[in-house]
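Shown next, in structure tokens, is the structure this report addresses.
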Amino acid sequence: MKTAEATAATTTVLSRGYKRSPKSNGKVNGTAAKKTGVNHGNGGDISNGKASFMKWTLDDVVYVAKYHRLPCFFAAWFLFFIYVEYTLRMVPDSSPPFDLGFVVTRSFHRALASWPELNSLLAALNTVFVAMQSVYIIGTWVVEGRPRATISALFMFTCRGILGYSTQLPLPQEFVGSGMDFPVGNVSFFLFYSGHVAGSVIASLDMRRMQRWELAWLFDILNVLQAVRLLGTRGHYTIDLAVGVGAGILFDSLAGKYIESRRKSAVASGTMKLG
């Protein structure tokens, strides 16, 4: 029985790619780790003077392909886009920017341009959605006493202002405006990046933290519809919307780190906590 258990323990592969020795009492066999030459997770050992890749084996390649499929997937796309980038014909300065989102929403754009009433109706609904975002984000602080979403939005809009002013992209030639849209009255606005999208992401992330799942999914669906409309009206480039999603996630994370750091400082100093 003990022999069977020892054999099973020896052949058990840890999540980090090493084998468990029956004499290691649950610890990773250091000899096996040195033989593989690859540390699947932490830093490698270069004490013997050899670079890590010089100790890689076919088993290591198989391990990476089997247990790290997502990085392998992105590595393949990385190589593909290297080819695309170096063989792509650049857009001449006399032509408008190429935007794949504009191509996909071409029919929708024609409908909005030829039907002003529909454009104004969707603009009004989008403005209501922006108001919903604002009320929720501010309400998490002034009503519920949780400032993270509000701080995140402040971070996000400040960064958006800096980047939007630093690189002022041209308004798309086919832009279809509406007096019902936000900002109201077709006033000037920053294209990069979309505050509409980023604000919705910030609100949705907070809803998920509070397990308000239905409301979060509603905001996500409305955010997708909002993005389609913004592409259809040519109110934003695709990159504005994509970065808006990333900005919402990034600044929500930074706001969380900020609050946690202030809480630790407050506890250490004996002052009142933030939030």
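Each chain of the structure tokens is named A, B, ... in the order shown, its residues numbered from 1; ligands are numbered from 1 in display order.
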
* To do: Might you pull out every residue within 12 Å of Val228 of chain A, with only C-alpha atoms counted and same-chain residues fewer than 3 positions away left off, and present them as a PyMOL selection string?
  => chain A and resi 101-109+112+122+126+197+221-225+231-238+241-242

* **Shell of 12 Å around segment 147-149 of chain A, only C-alpha atoms, local chain residues under 5 positions omitted, as a count of residues only** => 43

* Would you please give, as a count of residues only, all residues of segment 32-261 of chain A that DSSP assigns to helix (DSSP H, G or I) based on the backbone? => 157

* Distance atom CA of Ser178 of chain A-atom CA of Val91 of chain A, one decimal place? -> 29.4 Å

* Would you list the contacts of segment 116-118 of chain A as a list in words, taking every protein, DNA or RNA residue within 10 Å and counting only C-alpha atoms, but skipping same-chain residues closer than 6 positions in sequence? =>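 Near segment 116-118 of chain A, the qualifying residues are Ala124, Val176, Gly177 and Ser178 of chain A.
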
* Any idea what the distance is between atom CA of Asp181 of chain A and atom CA of Trp115 of chain A? ->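 Separating atom CA of Asp181 of chain A from atom CA of Trp115 of chain A is a distance of 15.4 Å.
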
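Of note, atom CA of Tyr193 of chain A and atom CA of Arg160 of chain A are spaced 6.2 Å apart.
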